[in-house]
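Q: You'll find entry20.tsv just under this line, and it carries TSV, C-alpha atoms and all ligand atoms.
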```tsv
chain	number	residue	atom	x	y	z
A	1	MET	CA	25.69	3.61	12.93
A	2	ALA	CA	23.30	1.30	11.09
A	3	ASP	CA	19.99	2.59	12.35
A	4	VAL	CA	16.84	2.78	10.26
A	5	LEU	CA	14.31	5.61	10.60
A	6	THR	CA	10.71	4.96	9.55
A	7	TYR	CA	7.83	7.39	9.27
A	8	VAL	CA	4.58	6.30	10.87
A	9	LEU	CA	1.37	7.90	9.67
A	10	HIS	CA	-1.55	7.96	12.07
A	11	TYR	CA	-5.16	9.04	12.03
A	12	GLU	CA	-7.56	9.25	14.93
A	13	GLY	CA	-5.35	7.27	17.27
A	14	GLN	CA	-4.66	4.47	14.78
A	15	PHE	CA	-1.39	3.81	13.03
A	16	ASN	CA	-1.42	3.20	9.30
A	17	LYS	CA	-0.91	-0.47	8.39
A	18	ASN	CA	1.75	0.18	5.76
A	19	SER	CA	3.69	2.24	8.27
A	20	LEU	CA	3.55	-0.60	10.79
A	21	GLY	CA	4.82	-2.94	8.08
A	22	ALA	CA	7.75	-0.57	7.52
A	23	VAL	CA	8.55	-0.49	11.25
A	24	SER	CA	8.45	-4.29	11.41
A	25	GLU	CA	10.66	-4.65	8.34
A	26	GLY	CA	12.98	-1.88	9.54
A	27	ALA	CA	13.41	-3.61	12.90
A	28	THR	CA	14.24	-6.96	11.29
A	29	ARG	CA	16.73	-5.52	8.81
A	30	ALA	CA	18.34	-3.08	11.27
A	31	SER	CA	19.04	-5.92	13.68
A	32	GLU	CA	20.74	-7.85	10.86
A	33	ILE	CA	23.22	-5.01	10.34
A	34	GLY	CA	23.76	-4.25	14.00
A	35	GLY	CA	21.41	-1.28	14.26
A	36	GLU	CA	18.02	-0.29	15.63
A	37	CYS	CA	14.77	0.76	14.05
A	38	HIS	CA	13.35	4.12	15.08
A	39	ALA	CA	10.02	5.67	14.17
A	40	LEU	CA	9.05	9.26	13.61
A	41	VAL	CA	5.52	10.48	14.26
A	42	LEU	CA	4.19	13.94	13.67
A	43	GLY	CA	0.96	15.39	14.94
A	44	GLY	CA	-0.84	17.04	17.81
A	45	GLU	CA	-1.92	16.15	21.31
A	46	ASP	CA	-3.41	12.87	20.15
A	47	LEU	CA	0.14	11.49	20.04
A	48	SER	CA	0.15	10.33	23.65
A	49	ASP	CA	3.14	8.69	25.31
A	50	GLN	CA	1.25	5.44	25.46
A	51	LEU	CA	0.38	5.48	21.76
A	52	CYS	CA	3.97	6.26	20.76
A	53	GLN	CA	5.41	3.65	23.12
A	54	SER	CA	3.17	1.03	21.52
A	55	LEU	CA	5.31	1.20	18.37
A	56	GLY	CA	7.79	-0.87	20.35
A	57	THR	CA	5.43	-3.77	19.75
A	58	TYR	CA	6.49	-3.66	16.10
A	59	GLY	CA	10.17	-3.37	16.87
A	60	ALA	CA	10.85	0.38	17.17
A	61	SER	CA	13.29	1.06	20.01
A	62	LYS	CA	12.85	4.86	19.88
A	63	VAL	CA	10.04	7.09	18.69
A	64	PHE	CA	10.76	10.67	17.71
A	65	ARG	CA	7.62	12.69	18.33
A	66	ALA	CA	7.35	16.04	16.55
A	67	ARG	CA	4.48	18.45	16.97
A	68	GLY	CA	3.20	19.66	13.62
A	69	PRO	CA	0.64	19.16	10.88
A	70	GLU	CA	0.05	15.50	9.97
A	71	GLY	CA	-0.82	14.36	6.46
A	72	LEU	CA	1.43	16.69	4.43
A	73	ALA	CA	4.88	15.78	3.15
A	74	GLN	CA	7.01	18.87	3.71
A	75	PRO	CA	6.74	19.15	7.51
A	76	VAL	CA	7.61	15.45	7.75
A	77	VAL	CA	10.68	16.03	5.56
A	78	ASP	CA	11.81	18.75	8.00
A	79	ALA	CA	11.23	16.50	11.00
A	80	MET	CA	12.94	13.46	9.49
A	81	ALA	CA	15.91	15.53	8.31
A	82	LYS	CA	16.32	16.86	11.85
A	83	ALA	CA	16.14	13.38	13.42
A	84	ILE	CA	18.67	12.07	10.90
A	85	ASP	CA	21.02	15.04	11.42
A	86	GLU	CA	20.95	14.56	15.17
A	87	HIS	CA	21.06	10.80	15.24
A	88	GLY	CA	22.90	9.78	12.05
A	89	HIS	CA	20.50	7.16	10.68
A	90	SER	CA	21.84	5.19	7.72
A	91	TYR	CA	18.48	4.44	6.12
A	92	ALA	CA	15.02	5.98	5.95
A	93	LEU	CA	12.24	3.52	5.21
A	94	PHE	CA	8.64	4.15	4.12
A	95	GLY	CA	5.78	1.73	3.76
A	96	GLY	CA	4.52	3.09	0.45
A	97	GLY	CA	1.52	5.13	-0.59
A	98	LEU	CA	1.51	8.61	-2.08
A	99	LEU	CA	2.56	10.37	1.11
A	100	GLY	CA	5.53	8.03	1.50
A	101	PHE	CA	6.58	8.77	-2.09
A	102	GLU	CA	6.36	12.51	-1.52
A	103	ILE	CA	8.24	12.46	1.77
A	104	GLY	CA	10.88	10.04	0.48
A	105	ALA	CA	11.50	12.15	-2.63
A	106	GLY	CA	11.65	15.36	-0.58
A	107	LEU	CA	14.03	13.79	1.92
A	108	ALA	CA	16.24	12.47	-0.89
A	109	ALA	CA	16.54	16.00	-2.29
A	110	ARG	CA	17.14	17.54	1.13
A	111	LYS	CA	19.80	15.04	2.19
A	112	GLN	CA	21.17	14.36	-1.31
A	113	ALA	CA	20.52	10.70	-0.72
A	114	GLY	CA	19.81	7.83	-3.07
A	115	VAL	CA	16.21	6.70	-3.24
A	116	THR	CA	14.49	3.54	-4.51
A	117	MET	CA	10.72	3.39	-4.84
A	118	GLU	CA	8.23	0.52	-5.17
A	119	VAL	CA	10.55	-1.75	-3.23
A	120	THR	CA	9.11	-5.20	-2.59
A	121	ALA	CA	11.92	-6.73	-0.53
A	122	ILE	CA	14.96	-5.67	1.46
A	123	ARG	CA	17.96	-7.86	2.12
A	124	THR	CA	21.24	-7.42	3.88
A	125	GLN	CA	24.72	-7.92	2.53
A	126	ASP	CA	28.06	-7.01	4.09
A	127	GLY	CA	26.40	-4.87	6.73
A	128	GLU	CA	24.32	-2.91	4.23
A	129	LEU	CA	20.70	-2.90	3.13
A	130	LEU	CA	19.92	-3.70	-0.48
A	131	ALA	CA	16.52	-2.79	-1.94
A	132	GLU	CA	14.81	-5.04	-4.47
A	133	ARG	CA	12.41	-3.49	-6.92
A	134	PRO	CA	10.48	-5.19	-9.74
A	135	ILE	CA	11.04	-3.60	-13.14
A	136	LEU	CA	9.98	-4.18	-16.78
A	137	GLN	CA	6.37	-4.88	-15.78
A	138	ASP	CA	7.58	-6.92	-12.87
A	139	SER	CA	9.40	-9.42	-15.09
A	140	LYS	CA	12.82	-8.66	-13.54
A	141	ILE	CA	14.14	-7.51	-10.17
A	142	SER	CA	16.56	-4.63	-9.92
A	143	VAL	CA	18.70	-4.38	-6.79
A	144	SER	CA	19.74	-0.99	-5.40
A	145	ARG	CA	22.73	-0.46	-3.21
A	146	TYR	CA	23.32	2.88	-1.56
A	147	ARG	CA	26.43	5.04	-1.51
A	148	GLY	CA	26.85	7.91	0.91
A	149	GLU	CA	25.57	8.43	4.39
A	150	LEU	CA	21.86	7.83	3.83
A	151	GLY	CA	19.80	5.47	1.70
A	152	ILE	CA	16.06	5.94	1.22
A	153	ILE	CA	13.79	2.96	0.67
A	154	ILE	CA	10.13	3.39	-0.24
A	155	GLY	CA	8.14	0.18	-0.24
A	156	ARG	CA	5.33	-0.88	-2.45
A	157	ILE	CA	1.98	-0.81	-0.65
A	158	ASN	CA	1.62	-3.89	1.58
A	159	ALA	CA	5.09	-5.14	0.66
A	160	PHE	CA	6.20	-5.42	4.28
A	161	GLU	CA	4.46	-7.71	6.70
A	162	ILE	CA	3.40	-6.43	10.10
A	163	VAL	CA	5.13	-8.38	12.84
A	164	SER	CA	4.23	-7.76	16.47
A	165	ARG	CA	6.67	-8.64	19.17
A	166	ASP	CA	5.47	-9.28	22.70
A	167	GLY	CA	6.13	-6.71	25.36
A	168	GLY	CA	7.96	-4.13	23.26
A	169	SER	CA	7.79	-0.53	24.45
A	170	ALA	CA	9.63	2.27	22.66
A	171	GLU	CA	11.41	5.19	24.26
A	172	VAL	CA	9.65	8.43	23.30
A	173	ILE	CA	11.86	11.40	22.41
A	174	ASP	CA	10.31	14.80	21.74
A	175	LEU	CA	11.83	16.41	18.69
A	176	ASP	CA	11.80	20.18	18.48
A	177	VAL	CA	11.53	20.98	14.78
A	178	GLU	CA	11.96	24.38	13.18
A	179	TYR	CA	9.85	24.04	10.07
A	180	SER	CA	11.07	25.49	6.78
A	181	PRO	CA	9.13	28.55	5.61
A	182	TRP	CA	7.83	26.64	2.58
A	183	SER	CA	6.61	23.75	4.68
A	184	GLY	CA	3.66	25.79	5.87
A	185	LYS	CA	2.65	26.96	2.41
A	186	ALA	CA	0.30	24.04	1.91
A	187	THR	CA	-2.22	23.36	4.62
A	188	MET	CA	-4.71	20.57	4.98
A	189	VAL	CA	-8.10	22.19	4.65
A	190	GLN	CA	-10.05	19.01	5.01
A	191	ARG	CA	-9.22	15.34	5.05
A	192	GLY	CA	-11.00	13.93	2.01
A	193	GLU	CA	-13.96	11.68	2.57
A	194	GLN	CA	-14.41	10.14	-0.84
A	195	ARG	CA	-17.46	8.03	-1.43
A	196	GLY	CA	-16.31	4.50	-0.88
A	197	ALA	CA	-13.19	5.68	0.95
A	198	ASP	CA	-14.16	3.44	3.83
A	199	VAL	CA	-13.34	0.55	1.50
A	200	ASP	CA	-9.82	-0.49	2.40
A	201	ILE	CA	-8.78	-2.28	-0.77
A	202	GLU	CA	-5.10	-2.14	0.10
A	203	GLY	CA	-5.59	-3.91	3.41
A	204	ALA	CA	-8.19	-6.45	2.25
A	205	ASP	CA	-7.45	-10.18	2.31
A	206	ILE	CA	-9.98	-10.86	-0.45
A	207	LEU	CA	-10.83	-8.52	-3.31
A	208	VAL	CA	-13.77	-8.98	-5.64
A	209	ALA	CA	-12.91	-6.72	-8.57
A	210	GLY	CA	-15.31	-5.68	-11.29
A	211	GLY	CA	-14.70	-4.34	-14.78
A	212	ARG	CA	-16.62	-3.17	-17.81
A	213	GLY	CA	-17.96	-6.67	-18.27
A	214	LEU	CA	-20.38	-5.93	-15.41
A	215	GLY	CA	-22.29	-4.01	-18.08
A	216	LYS	CA	-23.68	-1.20	-15.93
A	217	PRO	CA	-23.09	0.49	-12.55
A	218	GLU	CA	-25.68	-1.76	-10.91
A	219	GLY	CA	-23.56	-4.72	-11.99
A	220	PHE	CA	-21.36	-3.97	-8.97
A	221	GLU	CA	-24.14	-5.27	-6.75
A	222	LEU	CA	-23.11	-8.77	-7.89
A	223	CYS	CA	-19.57	-8.08	-6.67
A	224	GLU	CA	-20.84	-6.59	-3.41
A	225	LEU	CA	-23.06	-9.59	-2.73
A	226	LEU	CA	-20.16	-11.95	-3.33
A	227	ALA	CA	-17.90	-9.86	-1.10
A	228	GLY	CA	-20.59	-9.95	1.58
A	229	ALA	CA	-20.79	-13.73	1.33
A	230	PHE	CA	-17.03	-14.03	1.82
A	231	GLY	CA	-17.36	-11.69	4.81
A	232	GLY	CA	-14.38	-10.81	6.99
A	233	ASN	CA	-11.73	-8.62	5.45
A	234	THR	CA	-13.18	-8.56	1.93
A	235	ALA	CA	-13.62	-5.49	-0.27
A	236	VAL	CA	-14.77	-4.61	-3.78
A	237	ALA	CA	-12.30	-3.15	-6.28
A	238	ALA	CA	-12.57	-1.85	-9.84
A	239	THR	CA	-10.76	-1.13	-13.09
A	240	ARG	CA	-10.07	2.35	-14.35
A	241	ALA	CA	-12.54	1.91	-17.19
A	242	VAL	CA	-15.41	1.64	-14.74
A	243	VAL	CA	-14.29	4.31	-12.29
A	244	ASP	CA	-13.79	6.70	-15.22
A	245	ALA	CA	-17.31	5.84	-16.28
A	246	GLY	CA	-18.54	6.73	-12.79
A	247	TRP	CA	-19.70	3.19	-11.97
A	248	TYR	CA	-17.58	2.92	-8.85
A	249	PRO	CA	-15.44	5.27	-6.68
A	250	TYR	CA	-11.86	6.12	-7.59
A	251	ALA	CA	-10.78	4.90	-4.15
A	252	ALA	CA	-11.39	1.36	-5.41
A	253	GLN	CA	-9.29	1.60	-8.59
A	254	ILE	CA	-6.50	-0.93	-9.03
A	255	GLY	CA	-3.62	-0.43	-11.41
A	256	GLN	CA	-0.91	1.81	-12.76
A	257	THR	CA	-2.86	4.97	-11.98
A	258	GLY	CA	-4.74	3.41	-9.09
A	259	LYS	CA	-3.67	1.29	-6.16
A	260	THR	CA	-1.32	-1.66	-5.96
A	261	VAL	CA	-2.70	-4.58	-4.00
A	262	SER	CA	-1.59	-8.05	-3.02
A	263	PRO	CA	-4.53	-9.78	-1.32
A	264	LYS	CA	-4.71	-13.49	-0.62
A	265	LEU	CA	-7.45	-13.81	-3.26
A	266	TYR	CA	-8.16	-11.50	-6.19
A	267	LEU	CA	-11.33	-12.39	-8.01
A	268	ALA	CA	-11.68	-10.49	-11.28
A	269	ALA	CA	-15.12	-10.35	-12.90
A	270	GLY	CA	-15.48	-8.91	-16.40
A	271	ILE	CA	-11.94	-7.56	-16.48
A	272	SER	CA	-9.86	-7.96	-19.64
A	273	GLY	CA	-6.48	-7.82	-17.90
A	274	ALA	CA	-4.89	-4.80	-19.54
A	275	ILE	CA	-1.25	-4.26	-18.59
A	276	GLN	CA	-2.12	-1.09	-16.68
A	277	HIS	CA	-4.50	-3.13	-14.53
A	278	LYS	CA	-2.19	-6.11	-14.21
A	279	VAL	CA	0.66	-4.09	-12.66
A	280	GLY	CA	-1.60	-3.22	-9.74
A	281	MET	CA	-2.75	-6.73	-8.83
A	282	GLN	CA	-0.37	-9.33	-10.22
A	283	SER	CA	1.34	-9.93	-6.90
A	284	SER	CA	-1.95	-11.23	-5.43
A	285	GLU	CA	-1.46	-14.68	-3.90
A	286	ASN	CA	-4.30	-16.28	-5.91
A	287	ILE	CA	-5.97	-14.81	-8.98
A	288	VAL	CA	-9.33	-16.11	-10.18
A	289	ALA	CA	-10.83	-14.60	-13.33
A	290	ILE	CA	-14.32	-14.80	-14.78
A	291	ASN	CA	-14.55	-13.68	-18.39
A	292	LYS	CA	-16.76	-14.72	-21.28
A	293	ASP	CA	-13.86	-14.42	-23.71
A	294	ALA	CA	-11.50	-17.41	-23.44
A	295	GLY	CA	-8.81	-15.32	-25.14
A	296	ALA	CA	-8.94	-12.48	-22.57
A	297	PRO	CA	-5.39	-11.54	-21.47
A	298	ILE	CA	-6.31	-11.90	-17.78
A	299	PHE	CA	-6.32	-15.69	-18.17
A	300	GLU	CA	-2.59	-15.54	-18.96
A	301	PHE	CA	-1.82	-14.57	-15.36
A	302	SER	CA	-4.71	-16.19	-13.48
A	303	ASP	CA	-4.37	-19.24	-11.25
A	304	LEU	CA	-7.91	-20.25	-12.10
A	305	GLY	CA	-9.94	-19.09	-15.07
A	306	ILE	CA	-13.69	-19.44	-15.51
A	307	VAL	CA	-14.94	-18.85	-19.05
A	308	GLY	CA	-18.55	-17.78	-18.96
A	309	ASP	CA	-21.10	-15.08	-18.25
A	310	LEU	CA	-20.46	-13.37	-14.93
A	311	ASN	CA	-24.18	-12.65	-14.57
A	312	LYS	CA	-24.69	-16.38	-14.13
A	313	ILE	CA	-21.45	-17.27	-12.38
A	314	LEU	CA	-21.26	-14.57	-9.70
A	315	PRO	CA	-24.70	-15.33	-8.15
A	316	LYS	CA	-23.94	-19.07	-8.17
A	317	LEU	CA	-20.60	-18.46	-6.52
A	318	THR	CA	-22.26	-16.25	-3.90
A	319	GLU	CA	-24.81	-18.94	-3.11
A	320	ALA	CA	-22.13	-21.64	-2.98
A	321	ILE	CA	-20.05	-19.65	-0.50
A	322	LYS	CA	-23.09	-18.85	1.62
A	323	SER	CA	-24.14	-22.48	1.79
A	324	ARG	CA	-20.57	-23.59	2.53
A	325	LYS	CA	-20.53	-21.11	5.42
A	326	GLY	CA	-24.00	-22.14	6.48
A	327	SER	CA	-25.33	-18.59	6.29
B	401	LIG	C1	-1.89	5.71	-18.99
B	401	LIG	C2	-2.95	4.70	-18.67
B	401	LIG	C3	-3.14	4.33	-17.37
B	401	LIG	C4	-4.13	3.39	-17.04
B	401	LIG	N1	-4.27	3.03	-15.74
B	401	LIG	C5	-5.15	2.05	-15.44
B	401	LIG	C6	-5.29	1.58	-14.11
B	401	LIG	O1	-4.68	2.09	-13.15
B	401	LIG	N2	-6.17	0.59	-13.86
B	401	LIG	C7	-6.91	0.00	-14.85
B	401	LIG	O2	-7.70	-0.92	-14.54
B	401	LIG	N3	-6.80	0.44	-16.11
B	401	LIG	C8	-5.95	1.45	-16.43
B	401	LIG	N4	-5.90	1.89	-17.72
B	401	LIG	C9	-6.89	1.42	-18.68
B	401	LIG	C10	-6.57	0.04	-19.25
B	401	LIG	O3	-5.75	0.20	-20.38
B	401	LIG	C11	-7.86	-0.69	-19.69
B	401	LIG	O4	-8.55	0.13	-20.61
B	401	LIG	C12	-8.81	-1.02	-18.54
B	401	LIG	O5	-8.12	-1.68	-17.51
B	401	LIG	C13	-9.92	-1.94	-19.07
B	401	LIG	O6	-10.84	-2.11	-18.05
B	401	LIG	P1	-11.83	-3.37	-18.08
B	401	LIG	O7	-11.04	-4.62	-18.01
B	401	LIG	O8	-12.85	-3.10	-17.02
B	401	LIG	O9	-12.59	-3.23	-19.46
B	401	LIG	P2	-12.43	-3.99	-20.86
B	401	LIG	O10	-11.02	-3.95	-21.33
B	401	LIG	O11	-13.46	-3.41	-21.74
B	401	LIG	O12	-12.77	-5.49	-20.51
B	401	LIG	C14	-14.05	-5.96	-20.20
B	401	LIG	C15	-13.98	-7.47	-20.18
B	401	LIG	O13	-15.22	-7.98	-19.73
B	401	LIG	C16	-15.51	-9.18	-20.44
B	401	LIG	N5	-16.96	-9.36	-20.41
B	401	LIG	C17	-17.90	-8.61	-21.01
B	401	LIG	N6	-19.12	-9.07	-20.67
B	401	LIG	C18	-18.94	-10.13	-19.85
B	401	LIG	C19	-19.82	-11.03	-19.17
B	401	LIG	N7	-21.13	-10.89	-19.26
B	401	LIG	N8	-19.29	-12.01	-18.42
B	401	LIG	C20	-17.94	-12.16	-18.30
B	401	LIG	N9	-17.06	-11.32	-18.92
B	401	LIG	C21	-17.56	-10.33	-19.68
B	401	LIG	C22	-14.96	-8.91	-21.83
B	401	LIG	O14	-14.68	-10.13	-22.50
B	401	LIG	C23	-13.71	-8.11	-21.54
B	401	LIG	O15	-12.57	-8.95	-21.44
B	401	LIG	C24	-4.93	2.82	-18.07
B	401	LIG	C25	-4.72	3.20	-19.39
B	401	LIG	C26	-3.75	4.12	-19.69
B	401	LIG	C27	-3.54	4.49	-21.13
```
Using structure tokens, write down the structure that the file contains.

A:
Amino acid sequence: MADVLTYVLHYEGQFNKNSLGAVSEGATRASEIGGECHALVLGGEDLSDQLCQSLGTYGASKVFRARGPEGLAQPVVDAMAKAIDEHGHSYALFGGGLLGFEIGAGLAARKQAGVTMEVTAIRTQDGELLAERPILQDSKISVSRYRGELGIIIGRINAFEIVSRDGGSAEVIDLDVEYSPWSGKATMVQRGEQRGADVDIEGADILVAGGRGLGKPEGFELCELLAGAFGGNTAVAATRAVVDAGWYPYAAQIGQTGKTVSPKLYLAAGISGAIQHKVGMQSSENIVAINKDAGAPIFEFSDLGIVGDLNKILPKLTEAIKSRKGS
């Protein structure tokens, strides 16, 4: 059996984008090794037949639906282990994010399976899946191959593209899970609503990121105005230096201890380009940096560098984009 099981996170009737990327990738790779991609969802009555069936659009042929608490890792580990035991999946695939890391690690321990995290690409060879992961500050790619019955692949956020296929409808299978006693020891008291949490930096096509060079918290208004001029799927992001200083919410932090992003355009204003920041944004398609110091490290990995004062450049850029758009 060469089937792939993916976990799909959902909230208020919407599936998480990373999870849909994992289903799409799982479907493509499973078909290359003669298998199918299945999805597992966990939650309450909001998981209607219709909602679950819609995962077929992304390539899932079956959806295992377990009733239980959503948003915590351990119940999902129980449910995935049960689906794998009953069905014999060869791979478990996650789209990334903290929950994916927790579930993947827990599942690896439970099933004594090999696990690779921060995977950016999957390829097939001799009927197996190989996971590619950047290492040494993304300067090299390591390739993992799995021994044993199960291999666990955890993607980097946004690594897998969402692909919708016309007319797909998945078969929904209810999974009766007996949860481990420890799986109920943590309960979700409240889903966090962090200030700025509505900013989806991981899903944005354009990010306008600000750093200490903005000078003060109000400096972010320049970034917000520029983001507004771009419009569409644009968000404002930040470095750790400024979120630690309380200038901007943690939800917007990019980097080693923040989020990893790969937008189409990453515009960095007043950011030096420290390695801990770079690892979170270097896979952006286009990087444009504004910095008054021509020797700033960020210019070493920018596609376009503008040396100058952001207080002058950002407003001009905002006006230029507005006039180009005729707004
Ligand atoms: C364990 C660890 C984890 C970390 N994790 C992260 C992380 O996840 N994300 C992260 O971002 N950092 C992280 N850091 C911190 C990181 O090392 C840097 O300190 C931080 O990224 C610097 O932020 P910055 O670029 O905003 O500030 P600075 O390094 O102070 O850079 C400010 C830049 O603004 C420029 N500038 C100043 N004024 C202007 C102006 N008027 N116009 C144009 N340019 C101007 C300056 O030339 C300078 O290059 C971590 C550090 C450690 C030790």

Q: Counting all atoms listed in the file, which residue out of A:Ile313, A:Ala79, A:Ala251, A:Ala245 sits closest to Leu222 of chain A?

A: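 Going through A:Ile313, A:Ala79, A:Ala251, A:Ala245 one by one, the smallest distance to Leu222 of chain A is for A:Ile313.
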
Q: Go ahead and find all residues with at least one atom no further than 10 Å from (8.5, -3.6, 4.4) in the file's coordinates, using only C-alpha atoms; report them as a PyMOL selection string.

A: chain A and resi 18-29+93-96+119-122+153-162

Q: Please, which residues have at least one atom within 7 Å of an atom of ligand LIG 401 (chain B), using only C-alpha atoms and all ligand atoms, listed as number ranges by chain?

A: A: 210-215, 238-242, 253-258, 269-277, 290-293, 296, 308-311

Q: Of the candidates A:Asp85, A:Asp46, A:Glu102, A:Glu149, which one gets nearest to Leu72 of chain A if we count all atoms listed in the file?

A: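 With all atoms listed in the file as the atom set, the closest residue is A:Glu102.
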
Q: When you count all atoms listed in the file, which of these residues is closest to Cys223 of chain A: A:Ser284, A:Thr318, A:Gln125, A:Gln112?

A: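 Once distances to Cys223 of chain A are computed over all atoms listed in the file, the minimum belongs to A:Thr318.
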
Q: Which residues, written as a list of chain:residue names, have at least one atom at most 7 Å from Cys52 of chain A, with all atoms listed in the file counted and residues fewer than 3 positions away on the same chain left out?

A: A:Leu47, A:Ser48, A:Asp49, A:Leu55, A:Val63, A:Val172

Q: Of the candidates A:Pro75, A:Val208, A:Gln282, A:Arg165, which shows the shortest atom-to-atom distance to Met188 of chain A, using only C-alpha atoms?

A: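 The shortest atom-to-atom distance to Met188 of chain A comes from A:Pro75.
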
Q: Show me, as number ranges by chain, the residues that have an atom within 9 Å of segment 178-183 of chain A when counting only C-alpha atoms, minus same-chain residues fewer than 3 positions from it.

A: A: 68, 72-79, 82, 186-187

Q: Please dump the current selection as a PDB file, in the frame of the given file; keep C-alpha atoms.

A:
```
ATOM      1  CA  GLY A  68       3.200  19.660  13.620  1.00  0.00           C
ATOM      2  CA  LEU A  72       1.430  16.690   4.430  1.00  0.00           C
ATOM      3  CA  ALA A  73       4.880  15.780   3.150  1.00  0.00           C
ATOM      4  CA  GLN A  74       7.010  18.870   3.710  1.00  0.00           C
ATOM      5  CA  PRO A  75       6.740  19.150   7.510  1.00  0.00           C
ATOM      6  CA  VAL A  76       7.610  15.450   7.750  1.00  0.00           C
ATOM      7  CA  VAL A  77      10.680  16.030   5.560  1.00  0.00           C
ATOM      8  CA  ASP A  78      11.810  18.750   8.000  1.00  0.00           C
ATOM      9  CA  ALA A  79      11.230  16.500  11.000  1.00  0.00           C
ATOM     10  CA  LYS A  82      16.320  16.860  11.850  1.00  0.00           C
ATOM     11  CA  ALA A 186       0.300  24.040   1.910  1.00  0.00           C
ATOM     12  CA  THR A 187      -2.220  23.360   4.620  1.00  0.00           C
TER      13      THR A 187
END
```

Q: Just to confirm, what's the straight-line distance from atom CA of Lys111 of chain A to atom CA of Ala2 of chain A in Å (one decimal)?

A: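 Taking atom CA of Lys111 of chain A as the start and atom CA of Ala2 of chain A as the end point, the length is 16.7 Å.
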
Q: Which protein, DNA or RNA residues have an atom at most 10 Å from (19.8, 2.0, 10.8), counting all atoms listed in the file? List them as JSON, numbers by chain.

A: {"A": [1, 2, 3, 4, 5, 6, 26, 27, 29, 30, 31, 32, 33, 34, 35, 36, 37, 38, 87, 88, 89, 90, 91, 92, 93, 128, 129, 150, 151]}

Q: Just how far from atom CA of Lys185 of chain A is atom CA of Leu99 of chain A, in Å to one decimal?

A: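 A separation of 16.6 Å between them.
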
Q: Counting all atoms listed in the file, what is within 8 Å of Arg133 of chain A, bar same-chain residues fewer than 5 positions away, as JSON, numbers by chain?

A: {"A": [116, 117, 118, 119, 120, 121, 141, 142, 143, 144]}

Q: Would you pick out the contacts of Ser302 of chain A at 8 Å or less, using only C-alpha atoms, so that residues sharing its chain but fewer than 2 positions from it are not included, and give the list as a list in words?

A: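 Once the nearby chain positions are removed, what remains is Asn286, Ile287, Val288, Ala289, Ile298, Phe299, Glu300, Leu304 and Gly305 of chain A.
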
Q: Pick out the closest residue to Met281 of chain A from this set: A:Trp247, A:Ala60, A:Ile206, A:Pro217. Count only C-alpha atoms.

A: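 The answer is A:Ile206, which sits nearest to Met281 of chain A.
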
Q: What is the distance between atom CA of Phe64 of chain A and atom CA of Ile152 of chain A, in Å to one decimal?

A: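 Between these atoms lies a distance of 18.0 Å.
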
Q: Could you write out as lines of an AutoDock Vina configuration file the box around segment 174-192 of chain A (axis-aligned, all atoms listed in the file, 5 Å on each side), with centre and edge lengths in Å to one decimal?

A:
```
center_x = 0.5
center_y = 21.2
center_z = 11.8
size_x = 33.0
size_y = 24.6
size_z = 29.8
```

Q: Identify, on the basis of only C-alpha atoms, every residue whose closest approach to Glu171 of chain A does not exceed 8 Å; exclude the query and any residue fewer than 5 positions from it along the same chain; express the result as a VMD selection string.

A: chain A and resid 53 61 to 63

Q: How about saving the chosen residues, C-alpha atoms kept, as an mmCIF file, keeping the file's coordinate frame?

A:
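Printed below is result31.cif as written:
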```cif
data_model
loop_
_atom_site.group_PDB
_atom_site.id
_atom_site.type_symbol
_atom_site.label_atom_id
_atom_site.label_comp_id
_atom_site.auth_asym_id
_atom_site.auth_seq_id
_atom_site.Cartn_x
_atom_site.Cartn_y
_atom_site.Cartn_z
ATOM 1 C CA GLN A 53 5.410 3.650 23.120
ATOM 2 C CA SER A 61 13.290 1.060 20.010
ATOM 3 C CA LYS A 62 12.850 4.860 19.880
ATOM 4 C CA VAL A 63 10.040 7.090 18.690
#
```
